[in-house]
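Heads up, input-v7.cif below (mmCIF, N, CA and C atoms):
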```cif
data_upload
loop_
_atom_site.label_atom_id
_atom_site.label_comp_id
_atom_site.auth_asym_id
_atom_site.auth_seq_id
_atom_site.Cartn_x
_atom_site.Cartn_y
_atom_site.Cartn_z
N MET S 1 -63.09 -11.35 100.82
CA MET S 1 -63.71 -11.35 102.13
C MET S 1 -62.79 -10.71 103.17
N ARG S 2 -61.48 -10.96 103.02
CA ARG S 2 -60.56 -10.36 103.99
C ARG S 2 -60.59 -8.84 103.89
N LYS S 3 -60.72 -8.33 102.68
CA LYS S 3 -60.78 -6.88 102.48
C LYS S 3 -62.01 -6.29 103.18
N GLN S 4 -63.10 -7.06 103.18
CA GLN S 4 -64.34 -6.60 103.81
C GLN S 4 -64.44 -7.05 105.26
N LYS S 5 -63.38 -7.67 105.78
CA LYS S 5 -63.33 -8.17 107.16
C LYS S 5 -64.51 -9.09 107.46
N ALA S 6 -64.69 -10.08 106.56
CA ALA S 6 -65.77 -11.05 106.69
C ALA S 6 -65.20 -12.46 106.66
N THR S 7 -66.00 -13.40 107.12
CA THR S 7 -65.64 -14.82 107.10
C THR S 7 -66.79 -15.62 106.50
N CYS S 8 -66.51 -16.85 106.12
CA CYS S 8 -67.57 -17.74 105.63
C CYS S 8 -67.50 -19.05 106.38
N GLN S 9 -68.60 -19.79 106.35
CA GLN S 9 -68.63 -21.07 107.04
C GLN S 9 -69.29 -22.16 106.18
N LEU S 10 -69.54 -21.86 104.92
CA LEU S 10 -70.17 -22.81 104.02
C LEU S 10 -69.58 -22.64 102.62
N VAL S 11 -69.33 -23.76 101.96
CA VAL S 11 -68.82 -23.75 100.60
C VAL S 11 -69.74 -24.60 99.74
N THR S 12 -70.25 -24.04 98.65
CA THR S 12 -71.07 -24.78 97.70
C THR S 12 -70.24 -25.04 96.45
N ILE S 13 -70.16 -26.29 96.05
CA ILE S 13 -69.40 -26.68 94.88
C ILE S 13 -70.39 -27.23 93.86
N PHE S 14 -70.26 -26.84 92.58
CA PHE S 14 -71.17 -27.35 91.56
C PHE S 14 -70.41 -27.68 90.29
N VAL S 15 -70.93 -28.66 89.55
CA VAL S 15 -70.42 -29.02 88.23
C VAL S 15 -71.62 -29.35 87.35
N TYR S 16 -71.52 -29.03 86.06
CA TYR S 16 -72.56 -29.49 85.14
C TYR S 16 -72.06 -29.51 83.71
N THR S 17 -72.72 -30.37 82.94
CA THR S 17 -72.40 -30.51 81.53
C THR S 17 -73.31 -29.58 80.72
N ASN S 18 -73.12 -29.54 79.42
CA ASN S 18 -73.92 -28.69 78.55
C ASN S 18 -75.27 -29.35 78.30
N ARG S 19 -76.31 -28.84 78.93
CA ARG S 19 -77.65 -29.46 78.81
C ARG S 19 -78.25 -29.30 77.42
N PHE S 20 -77.70 -28.42 76.60
CA PHE S 20 -78.22 -28.22 75.25
C PHE S 20 -77.58 -29.16 74.24
N ASN S 21 -76.52 -29.82 74.61
CA ASN S 21 -75.87 -30.78 73.72
C ASN S 21 -76.43 -32.16 74.02
N GLU S 22 -77.41 -32.57 73.26
CA GLU S 22 -78.10 -33.83 73.50
C GLU S 22 -77.29 -35.05 73.09
N GLN S 23 -76.20 -34.84 72.36
CA GLN S 23 -75.37 -35.98 71.93
C GLN S 23 -74.41 -36.43 73.03
N GLN S 24 -74.24 -35.62 74.06
CA GLN S 24 -73.35 -35.98 75.16
C GLN S 24 -74.17 -36.38 76.38
N GLU S 25 -73.61 -37.27 77.17
CA GLU S 25 -74.26 -37.70 78.40
C GLU S 25 -74.31 -36.52 79.38
N GLN S 26 -75.44 -36.40 80.06
CA GLN S 26 -75.66 -35.26 80.94
C GLN S 26 -75.37 -35.61 82.40
N TYR S 27 -74.85 -34.62 83.12
CA TYR S 27 -74.59 -34.79 84.55
C TYR S 27 -74.50 -33.42 85.18
N SER S 28 -75.16 -33.25 86.31
CA SER S 28 -75.01 -32.02 87.08
C SER S 28 -75.18 -32.38 88.55
N ARG S 29 -74.42 -31.72 89.36
CA ARG S 29 -74.49 -32.01 90.79
C ARG S 29 -73.89 -30.84 91.55
N SER S 30 -74.39 -30.63 92.74
CA SER S 30 -73.81 -29.64 93.64
C SER S 30 -73.83 -30.21 95.05
N ILE S 31 -72.98 -29.65 95.88
CA ILE S 31 -72.91 -30.11 97.26
C ILE S 31 -72.52 -28.93 98.14
N ASN S 32 -73.07 -28.90 99.34
CA ASN S 32 -72.70 -27.91 100.34
C ASN S 32 -71.77 -28.57 101.34
N VAL S 33 -70.65 -27.93 101.61
CA VAL S 33 -69.70 -28.44 102.58
C VAL S 33 -69.57 -27.40 103.69
N SER S 34 -69.84 -27.80 104.91
CA SER S 34 -69.71 -26.90 106.05
C SER S 34 -68.27 -26.86 106.53
N ILE S 35 -67.81 -25.69 106.81
CA ILE S 35 -66.49 -25.51 107.42
C ILE S 35 -66.74 -25.41 108.92
N PRO S 36 -66.01 -26.17 109.73
CA PRO S 36 -66.33 -26.24 111.16
C PRO S 36 -66.07 -24.94 111.94
N TYR S 37 -65.45 -23.96 111.31
CA TYR S 37 -65.15 -22.70 111.98
C TYR S 37 -65.21 -21.59 110.93
N PRO S 38 -65.55 -20.38 111.33
CA PRO S 38 -65.57 -19.26 110.37
C PRO S 38 -64.15 -18.95 109.89
N THR S 39 -63.98 -18.78 108.59
CA THR S 39 -62.65 -18.51 108.04
C THR S 39 -62.73 -17.62 106.82
N ASN S 40 -61.64 -16.94 106.54
CA ASN S 40 -61.49 -16.21 105.29
C ASN S 40 -60.16 -16.57 104.64
N SER S 41 -59.61 -17.71 105.04
CA SER S 41 -58.36 -18.21 104.50
C SER S 41 -58.61 -18.92 103.17
N ASP S 42 -57.91 -18.49 102.13
CA ASP S 42 -58.03 -19.15 100.83
C ASP S 42 -57.62 -20.62 100.95
N ILE S 43 -56.65 -20.89 101.79
CA ILE S 43 -56.15 -22.25 101.95
C ILE S 43 -57.25 -23.15 102.52
N GLU S 44 -57.94 -22.70 103.54
CA GLU S 44 -59.00 -23.49 104.15
C GLU S 44 -60.20 -23.65 103.22
N ILE S 45 -60.58 -22.57 102.55
CA ILE S 45 -61.72 -22.63 101.63
C ILE S 45 -61.41 -23.59 100.49
N ALA S 46 -60.19 -23.53 99.93
CA ALA S 46 -59.79 -24.44 98.86
C ALA S 46 -59.78 -25.89 99.35
N LYS S 47 -59.36 -26.11 100.58
CA LYS S 47 -59.31 -27.47 101.12
C LYS S 47 -60.71 -28.09 101.19
N TYR S 48 -61.69 -27.32 101.67
CA TYR S 48 -63.05 -27.84 101.77
C TYR S 48 -63.73 -27.91 100.41
N ALA S 49 -63.39 -27.01 99.49
CA ALA S 49 -63.92 -27.08 98.13
C ALA S 49 -63.41 -28.34 97.43
N LYS S 50 -62.16 -28.68 97.64
CA LYS S 50 -61.59 -29.90 97.05
C LYS S 50 -62.27 -31.14 97.61
N LYS S 51 -62.58 -31.14 98.90
CA LYS S 51 -63.30 -32.28 99.50
C LYS S 51 -64.66 -32.46 98.83
N GLY S 52 -65.38 -31.36 98.62
CA GLY S 52 -66.68 -31.43 97.96
C GLY S 52 -66.56 -31.88 96.53
N LEU S 53 -65.56 -31.37 95.81
CA LEU S 53 -65.37 -31.76 94.42
C LEU S 53 -65.04 -33.24 94.30
N ASP S 54 -64.26 -33.76 95.22
CA ASP S 54 -63.94 -35.20 95.21
C ASP S 54 -65.21 -36.05 95.32
N ILE S 55 -66.21 -35.55 96.02
CA ILE S 55 -67.45 -36.28 96.21
C ILE S 55 -68.32 -36.26 94.94
N ILE S 56 -68.43 -35.10 94.28
CA ILE S 56 -69.39 -34.97 93.18
C ILE S 56 -68.79 -35.19 91.79
N PHE S 57 -67.48 -35.13 91.64
CA PHE S 57 -66.86 -35.25 90.32
C PHE S 57 -66.95 -36.68 89.81
N LYS S 58 -67.32 -36.82 88.53
CA LYS S 58 -67.32 -38.11 87.85
C LYS S 58 -66.52 -37.96 86.56
N ALA S 59 -65.54 -38.82 86.39
CA ALA S 59 -64.69 -38.77 85.20
C ALA S 59 -65.48 -39.20 83.97
N GLY S 60 -65.06 -38.73 82.81
CA GLY S 60 -65.66 -39.15 81.55
C GLY S 60 -66.72 -38.20 81.01
N PHE S 61 -67.09 -37.19 81.74
CA PHE S 61 -68.07 -36.22 81.27
C PHE S 61 -67.37 -35.00 80.70
N HIS S 62 -68.03 -34.34 79.74
CA HIS S 62 -67.53 -33.09 79.18
C HIS S 62 -68.21 -31.95 79.95
N TYR S 63 -67.57 -31.47 80.98
CA TYR S 63 -68.16 -30.44 81.82
C TYR S 63 -68.13 -29.09 81.13
N LYS S 64 -69.21 -28.35 81.28
CA LYS S 64 -69.28 -27.01 80.73
C LYS S 64 -68.92 -25.98 81.79
N LYS S 65 -69.33 -26.24 83.02
CA LYS S 65 -69.10 -25.24 84.06
C LYS S 65 -68.91 -25.92 85.41
N ALA S 66 -68.07 -25.32 86.20
CA ALA S 66 -67.86 -25.76 87.58
C ALA S 66 -67.58 -24.50 88.39
N GLY S 67 -67.92 -24.54 89.66
CA GLY S 67 -67.69 -23.35 90.46
C GLY S 67 -67.77 -23.60 91.94
N VAL S 68 -67.34 -22.59 92.66
CA VAL S 68 -67.36 -22.61 94.12
C VAL S 68 -68.01 -21.31 94.59
N ILE S 69 -68.96 -21.44 95.49
CA ILE S 69 -69.66 -20.28 96.06
C ILE S 69 -69.52 -20.37 97.57
N VAL S 70 -69.12 -19.27 98.19
CA VAL S 70 -69.02 -19.26 99.65
C VAL S 70 -70.31 -18.70 100.24
N GLY S 71 -70.69 -19.22 101.39
CA GLY S 71 -71.91 -18.78 102.07
C GLY S 71 -71.68 -18.73 103.57
N GLY S 72 -72.71 -18.41 104.27
CA GLY S 72 -72.59 -18.28 105.71
C GLY S 72 -71.65 -17.14 106.06
N ILE S 73 -71.75 -16.06 105.30
CA ILE S 73 -70.84 -14.93 105.48
C ILE S 73 -71.27 -14.10 106.68
N ALA S 74 -70.28 -13.78 107.51
CA ALA S 74 -70.53 -12.99 108.72
C ALA S 74 -69.32 -12.09 108.97
N PRO S 75 -69.53 -10.98 109.68
CA PRO S 75 -68.41 -10.11 110.01
C PRO S 75 -67.35 -10.87 110.82
N GLU S 76 -66.09 -10.54 110.56
CA GLU S 76 -64.98 -11.23 111.21
C GLU S 76 -65.00 -11.06 112.73
N ASN S 77 -65.45 -9.92 113.19
CA ASN S 77 -65.45 -9.68 114.64
C ASN S 77 -66.66 -10.28 115.35
N GLU S 78 -67.53 -10.97 114.61
CA GLU S 78 -68.70 -11.61 115.20
C GLU S 78 -68.69 -13.12 114.95
N LYS S 79 -67.51 -13.71 115.03
CA LYS S 79 -67.37 -15.14 114.77
C LYS S 79 -68.06 -15.97 115.83
N GLN S 80 -68.69 -17.06 115.38
CA GLN S 80 -69.21 -18.06 116.31
C GLN S 80 -68.17 -19.17 116.37
N PHE S 81 -67.47 -19.27 117.47
CA PHE S 81 -66.39 -20.23 117.59
C PHE S 81 -66.92 -21.64 117.80
N ASN S 82 -66.12 -22.61 117.38
CA ASN S 82 -66.44 -24.03 117.52
C ASN S 82 -65.70 -24.53 118.75
N LEU S 83 -66.39 -25.26 119.59
CA LEU S 83 -65.80 -25.77 120.82
C LEU S 83 -64.71 -26.81 120.55
N PHE S 84 -64.84 -27.55 119.45
CA PHE S 84 -63.94 -28.67 119.20
C PHE S 84 -62.87 -28.40 118.15
N GLU S 85 -63.10 -27.45 117.27
CA GLU S 85 -62.11 -27.15 116.24
C GLU S 85 -61.89 -25.66 116.16
N GLU S 86 -60.65 -25.31 115.88
CA GLU S 86 -60.29 -23.91 115.81
C GLU S 86 -59.61 -23.64 114.47
N GLU S 87 -59.84 -22.45 113.93
CA GLU S 87 -59.20 -22.08 112.68
C GLU S 87 -57.70 -22.03 112.89
N PRO S 88 -56.92 -22.61 111.95
CA PRO S 88 -55.46 -22.53 112.07
C PRO S 88 -55.00 -21.08 111.94
N PHE S 89 -54.39 -20.55 112.99
CA PHE S 89 -53.98 -19.15 112.98
C PHE S 89 -52.78 -18.90 112.07
N LYS S 90 -52.03 -19.97 111.73
CA LYS S 90 -50.88 -19.78 110.85
C LYS S 90 -51.31 -19.28 109.48
N HIS S 91 -52.54 -19.59 109.06
CA HIS S 91 -53.02 -19.14 107.75
C HIS S 91 -53.26 -17.64 107.73
N ARG S 92 -53.55 -17.06 108.85
CA ARG S 92 -53.78 -15.60 108.88
C ARG S 92 -52.55 -14.85 108.43
N GLU S 93 -51.39 -15.25 108.94
CA GLU S 93 -50.14 -14.57 108.56
C GLU S 93 -49.85 -14.77 107.08
N ILE S 94 -50.07 -15.99 106.59
CA ILE S 94 -49.82 -16.28 105.17
C ILE S 94 -50.77 -15.46 104.29
N MET S 95 -52.05 -15.41 104.65
CA MET S 95 -53.03 -14.66 103.86
C MET S 95 -52.73 -13.16 103.91
N ASP S 96 -52.33 -12.65 105.07
CA ASP S 96 -51.95 -11.23 105.17
C ASP S 96 -50.77 -10.92 104.26
N THR S 97 -49.78 -11.81 104.26
CA THR S 97 -48.60 -11.62 103.41
C THR S 97 -48.99 -11.66 101.94
N MET S 98 -49.82 -12.64 101.56
CA MET S 98 -50.27 -12.72 100.17
C MET S 98 -51.04 -11.47 99.76
N ASP S 99 -51.91 -10.97 100.64
CA ASP S 99 -52.69 -9.76 100.33
C ASP S 99 -51.78 -8.56 100.15
N LYS S 100 -50.78 -8.42 101.00
CA LYS S 100 -49.85 -7.28 100.90
C LYS S 100 -49.06 -7.34 99.61
N LEU S 101 -48.55 -8.53 99.27
CA LEU S 101 -47.78 -8.66 98.04
C LEU S 101 -48.65 -8.44 96.80
N ASN S 102 -49.88 -8.94 96.82
CA ASN S 102 -50.78 -8.73 95.68
C ASN S 102 -51.17 -7.26 95.55
N SER S 103 -51.33 -6.55 96.65
CA SER S 103 -51.67 -5.13 96.54
C SER S 103 -50.47 -4.32 96.07
N LYS S 104 -49.27 -4.77 96.40
CA LYS S 104 -48.06 -4.06 95.98
C LYS S 104 -47.71 -4.31 94.52
N TYR S 105 -47.83 -5.58 94.07
CA TYR S 105 -47.39 -5.95 92.73
C TYR S 105 -48.51 -6.18 91.73
N GLY S 106 -49.76 -6.10 92.17
CA GLY S 106 -50.88 -6.28 91.27
C GLY S 106 -51.73 -7.47 91.68
N THR S 107 -53.01 -7.37 91.38
CA THR S 107 -53.96 -8.39 91.78
C THR S 107 -53.60 -9.74 91.17
N GLN S 108 -53.72 -10.77 91.97
CA GLN S 108 -53.52 -12.16 91.56
C GLN S 108 -52.12 -12.46 91.03
N LYS S 109 -51.11 -11.72 91.48
CA LYS S 109 -49.72 -12.05 91.12
C LYS S 109 -49.25 -13.25 91.93
N LEU S 110 -49.73 -13.36 93.15
CA LEU S 110 -49.38 -14.46 94.03
C LEU S 110 -50.65 -15.27 94.28
N LYS S 111 -50.60 -16.58 93.96
CA LYS S 111 -51.79 -17.44 94.07
C LYS S 111 -51.44 -18.71 94.81
N LEU S 112 -52.46 -19.44 95.21
CA LEU S 112 -52.26 -20.78 95.76
C LEU S 112 -51.89 -21.72 94.63
N GLY S 113 -51.19 -22.78 94.95
CA GLY S 113 -50.81 -23.76 93.94
C GLY S 113 -52.00 -24.45 93.31
N SER S 114 -53.12 -24.52 94.03
CA SER S 114 -54.32 -25.19 93.50
C SER S 114 -55.11 -24.29 92.56
N GLN S 115 -54.77 -23.02 92.49
CA GLN S 115 -55.45 -22.12 91.58
C GLN S 115 -54.79 -22.19 90.21
N ALA S 116 -55.56 -21.96 89.17
CA ALA S 116 -55.03 -21.99 87.81
C ALA S 116 -54.03 -20.86 87.63
N LEU S 117 -52.79 -21.21 87.35
CA LEU S 117 -51.75 -20.19 87.22
C LEU S 117 -51.78 -19.50 85.87
N ASP S 118 -52.29 -20.20 84.86
CA ASP S 118 -52.31 -19.64 83.51
C ASP S 118 -53.70 -19.19 83.08
N LYS S 119 -54.56 -18.94 84.02
CA LYS S 119 -55.94 -18.56 83.71
C LYS S 119 -55.96 -17.16 83.10
N THR S 120 -56.20 -17.11 81.82
CA THR S 120 -56.24 -15.82 81.13
C THR S 120 -57.58 -15.57 80.46
N TRP S 121 -58.51 -16.51 80.63
CA TRP S 121 -59.80 -16.38 79.97
C TRP S 121 -60.64 -15.31 80.67
N GLN S 122 -61.60 -14.81 79.95
CA GLN S 122 -62.56 -13.88 80.50
C GLN S 122 -63.96 -14.37 80.15
N MET S 123 -64.91 -13.90 80.91
CA MET S 123 -66.29 -14.29 80.70
C MET S 123 -66.75 -13.86 79.30
N ARG S 124 -67.49 -14.76 78.63
CA ARG S 124 -68.05 -14.40 77.33
C ARG S 124 -69.17 -13.38 77.53
N GLN S 125 -69.06 -12.28 76.84
CA GLN S 125 -70.08 -11.24 76.95
C GLN S 125 -70.49 -10.74 75.57
N ASP S 126 -70.58 -11.68 74.62
CA ASP S 126 -70.94 -11.31 73.25
C ASP S 126 -72.35 -10.73 73.14
N HIS S 127 -73.26 -11.25 73.93
CA HIS S 127 -74.66 -10.85 73.84
C HIS S 127 -75.10 -10.09 75.09
N LEU S 128 -74.21 -9.32 75.64
CA LEU S 128 -74.49 -8.56 76.85
C LEU S 128 -75.46 -7.42 76.55
N SER S 129 -76.46 -7.27 77.37
CA SER S 129 -77.43 -6.18 77.19
C SER S 129 -76.80 -4.86 77.60
N PRO S 130 -77.15 -3.78 76.90
CA PRO S 130 -76.63 -2.47 77.28
C PRO S 130 -77.17 -2.05 78.65
N ASN S 131 -76.37 -1.29 79.37
CA ASN S 131 -76.76 -0.78 80.69
C ASN S 131 -77.10 0.70 80.57
N TYR S 132 -78.24 0.99 80.00
CA TYR S 132 -78.62 2.37 79.74
C TYR S 132 -78.67 3.23 80.99
N THR S 133 -79.01 2.62 82.11
CA THR S 133 -79.20 3.42 83.33
C THR S 133 -77.95 3.51 84.19
N THR S 134 -76.90 2.74 83.88
CA THR S 134 -75.73 2.75 84.74
C THR S 134 -74.42 3.07 84.04
N LYS S 135 -74.38 3.09 82.71
CA LYS S 135 -73.15 3.40 81.98
C LYS S 135 -73.40 4.49 80.96
N TRP S 136 -72.59 5.54 81.02
CA TRP S 136 -72.74 6.65 80.09
C TRP S 136 -72.51 6.20 78.65
N ASN S 137 -71.59 5.28 78.43
CA ASN S 137 -71.27 4.83 77.07
C ASN S 137 -72.42 4.06 76.42
N ASP S 138 -73.35 3.52 77.20
CA ASP S 138 -74.46 2.73 76.65
C ASP S 138 -75.71 3.57 76.36
N ILE S 139 -75.68 4.84 76.68
CA ILE S 139 -76.85 5.70 76.44
C ILE S 139 -76.99 5.91 74.93
N LEU S 140 -78.20 5.75 74.44
CA LEU S 140 -78.48 5.93 73.02
C LEU S 140 -78.38 7.40 72.65
N GLU S 141 -77.86 7.66 71.46
CA GLU S 141 -77.80 9.03 70.96
C GLU S 141 -78.74 9.15 69.78
N VAL S 142 -79.66 10.09 69.85
CA VAL S 142 -80.63 10.30 68.77
C VAL S 142 -80.16 11.48 67.95
N GLN S 143 -80.11 11.29 66.62
CA GLN S 143 -79.63 12.38 65.76
C GLN S 143 -80.75 12.93 64.91
#
```
Kindly transcribe the structure held in the file into structure tokens.
Amino acid sequence: MRKQKATCQLVTIFVYTNRFNEQQEQYSRSINVSIPYPTNSDIEIAKYAKKGLDIIFKAGFHYKKAGVIVGGIAPENEKQFNLFEEEPFKHREIMDTMDKLNSKYGTQKLKLGSQALDKTWQMRQDHLSPNYTTKWNDILEVQ
């Protein structure tokens, strides 16, 4: 969002178990958490995502998926300010520094402590459909 000069004001947090595994107890829940001011700070977004997760998380389930989605996206120069709360400006300098270091040394070299540091997994794409209209490598060749 910082690269696109945008901010968000809503965070949606969701968790769910594998609905196809009938031998395990099922649970799914999501929650929307409003941020009182427009922000693009990873620190602030993570703080409100953690608050939402604390509300919906239940121990003892085998979760299949969890995620965070930001919403209420607006251009940074068109912020609607809050009369009672203001975005902490100290995070801007920290986020700018993190962005500069990540662009210099590679994406995601510098992360927040709450982010998975050893995350090396990639999305499963075993059954991905070919993109005949958008990728040259997926075009069929007739012989």
Take the point (-65.1, -6.7, 106.8) as written in the file and pick out every residue within 12 Å of it, counting only C-alpha atoms; give the list as an mmCIF file with N, CA and C atoms, keeping the file's coordinate frame.
```
data_model
loop_
_atom_site.group_PDB
_atom_site.id
_atom_site.type_symbol
_atom_site.label_atom_id
_atom_site.label_comp_id
_atom_site.auth_asym_id
_atom_site.auth_seq_id
_atom_site.Cartn_x
_atom_site.Cartn_y
_atom_site.Cartn_z
ATOM 1 N N MET S 1 -63.090 -11.350 100.820
ATOM 2 C CA MET S 1 -63.710 -11.350 102.130
ATOM 3 C C MET S 1 -62.790 -10.710 103.170
ATOM 4 N N ARG S 2 -61.480 -10.960 103.020
ATOM 5 C CA ARG S 2 -60.560 -10.360 103.990
ATOM 6 C C ARG S 2 -60.590 -8.840 103.890
ATOM 7 N N LYS S 3 -60.720 -8.330 102.680
ATOM 8 C CA LYS S 3 -60.780 -6.880 102.480
ATOM 9 C C LYS S 3 -62.010 -6.290 103.180
ATOM 10 N N GLN S 4 -63.100 -7.060 103.180
ATOM 11 C CA GLN S 4 -64.340 -6.600 103.810
ATOM 12 C C GLN S 4 -64.440 -7.050 105.260
ATOM 13 N N LYS S 5 -63.380 -7.670 105.780
ATOM 14 C CA LYS S 5 -63.330 -8.170 107.160
ATOM 15 C C LYS S 5 -64.510 -9.090 107.460
ATOM 16 N N ALA S 6 -64.690 -10.080 106.560
ATOM 17 C CA ALA S 6 -65.770 -11.050 106.690
ATOM 18 C C ALA S 6 -65.200 -12.460 106.660
ATOM 19 N N THR S 7 -66.000 -13.400 107.120
ATOM 20 C CA THR S 7 -65.640 -14.820 107.100
ATOM 21 C C THR S 7 -66.790 -15.620 106.500
ATOM 22 N N CYS S 8 -66.510 -16.850 106.120
ATOM 23 C CA CYS S 8 -67.570 -17.740 105.630
ATOM 24 C C CYS S 8 -67.500 -19.050 106.380
ATOM 25 N N ASN S 40 -61.640 -16.940 106.540
ATOM 26 C CA ASN S 40 -61.490 -16.210 105.290
ATOM 27 C C ASN S 40 -60.160 -16.570 104.640
ATOM 28 N N ILE S 73 -71.750 -16.060 105.300
ATOM 29 C CA ILE S 73 -70.840 -14.930 105.480
ATOM 30 C C ILE S 73 -71.270 -14.100 106.680
ATOM 31 N N ALA S 74 -70.280 -13.780 107.510
ATOM 32 C CA ALA S 74 -70.530 -12.990 108.720
ATOM 33 C C ALA S 74 -69.320 -12.090 108.970
ATOM 34 N N PRO S 75 -69.530 -10.980 109.680
ATOM 35 C CA PRO S 75 -68.410 -10.110 110.010
ATOM 36 C C PRO S 75 -67.350 -10.870 110.820
ATOM 37 N N GLU S 76 -66.090 -10.540 110.560
ATOM 38 C CA GLU S 76 -64.980 -11.230 111.210
ATOM 39 C C GLU S 76 -65.000 -11.060 112.730
ATOM 40 N N ASN S 77 -65.450 -9.920 113.190
ATOM 41 C CA ASN S 77 -65.450 -9.680 114.640
ATOM 42 C C ASN S 77 -66.660 -10.280 115.350
ATOM 43 N N GLU S 78 -67.530 -10.970 114.610
ATOM 44 C CA GLU S 78 -68.700 -11.610 115.200
ATOM 45 C C GLU S 78 -68.690 -13.120 114.950
ATOM 46 N N LYS S 79 -67.510 -13.710 115.030
ATOM 47 C CA LYS S 79 -67.370 -15.140 114.770
ATOM 48 C C LYS S 79 -68.060 -15.970 115.830
#
```
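Here the question is which of S:Thr97, S:Ser103, S:Thr12, S:Asn21 gets nearest to Val68 (chain S) using only C-alpha atoms, and that residue is S:Thr12.
Proximity of S:Gln80, S:Asp126, S:Tyr63, S:Ser30 to Gln9 (chain S), computed with only C-alpha atoms, is greatest for S:Gln80.
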* How would you write as JSON, numbers by chain the residues that get within 9 Å of (-64.3, -29.0, 102.0) in the file's frame, counting only C-alpha atoms? -> {"S": [10, 11, 32, 33, 34, 35, 44, 45, 46, 47, 48, 49, 50, 51, 52, 53]}
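Separating CA of Tyr37 (chain S) from CA of Ile13 (chain S) is a distance of 18.1 Å.
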* CA of Arg92 (chain S) and CA of Ile43 (chain S), how far apart in Å? ->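 Distance between the two atoms: 9.9 Å.
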* Two-atom distance - atom C of Lys104 (chain S), atom C of Ser41 (chain S) (Å) ->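 Taking atom C of Lys104 (chain S) and atom C of Ser41 (chain S), their separation equals 20.2 Å.
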* Asked: Which residues, written as an MDAnalysis selection string, have at least one atom at most 8 Å from Lys64 (chain S), with only C-alpha atoms counted and residues fewer than 3 positions away on the same chain left out?
  -> chainID S and resid 15:18
* Counting only C-alpha atoms, the residue of S:Leu83, S:Asn131, S:Asp42, S:Ile139 that sits nearest Asp99 (chain S) ->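 Of all the options, S:Asp42 lies closest to Asp99 (chain S).
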* Which residue of S:Gln143, S:Lys100, S:Phe84, S:Gly60 approaches Pro36 (chain S) most closely, using only C-alpha atoms -> S:Phe84
* To do: Give the helix (DSSP H, G or I) residues of chain S, as DSSP finds them on the backbone, and put them as a ChimeraX atom specification.
  => /S:42-56,76-78,90-105,136-138
* Out of region 3-142 of chain S, which residues get strand (DSSP E or B) from DSSP, as a ChimeraX atom specification? -> /S:6-17,28-39,63-71,74-75
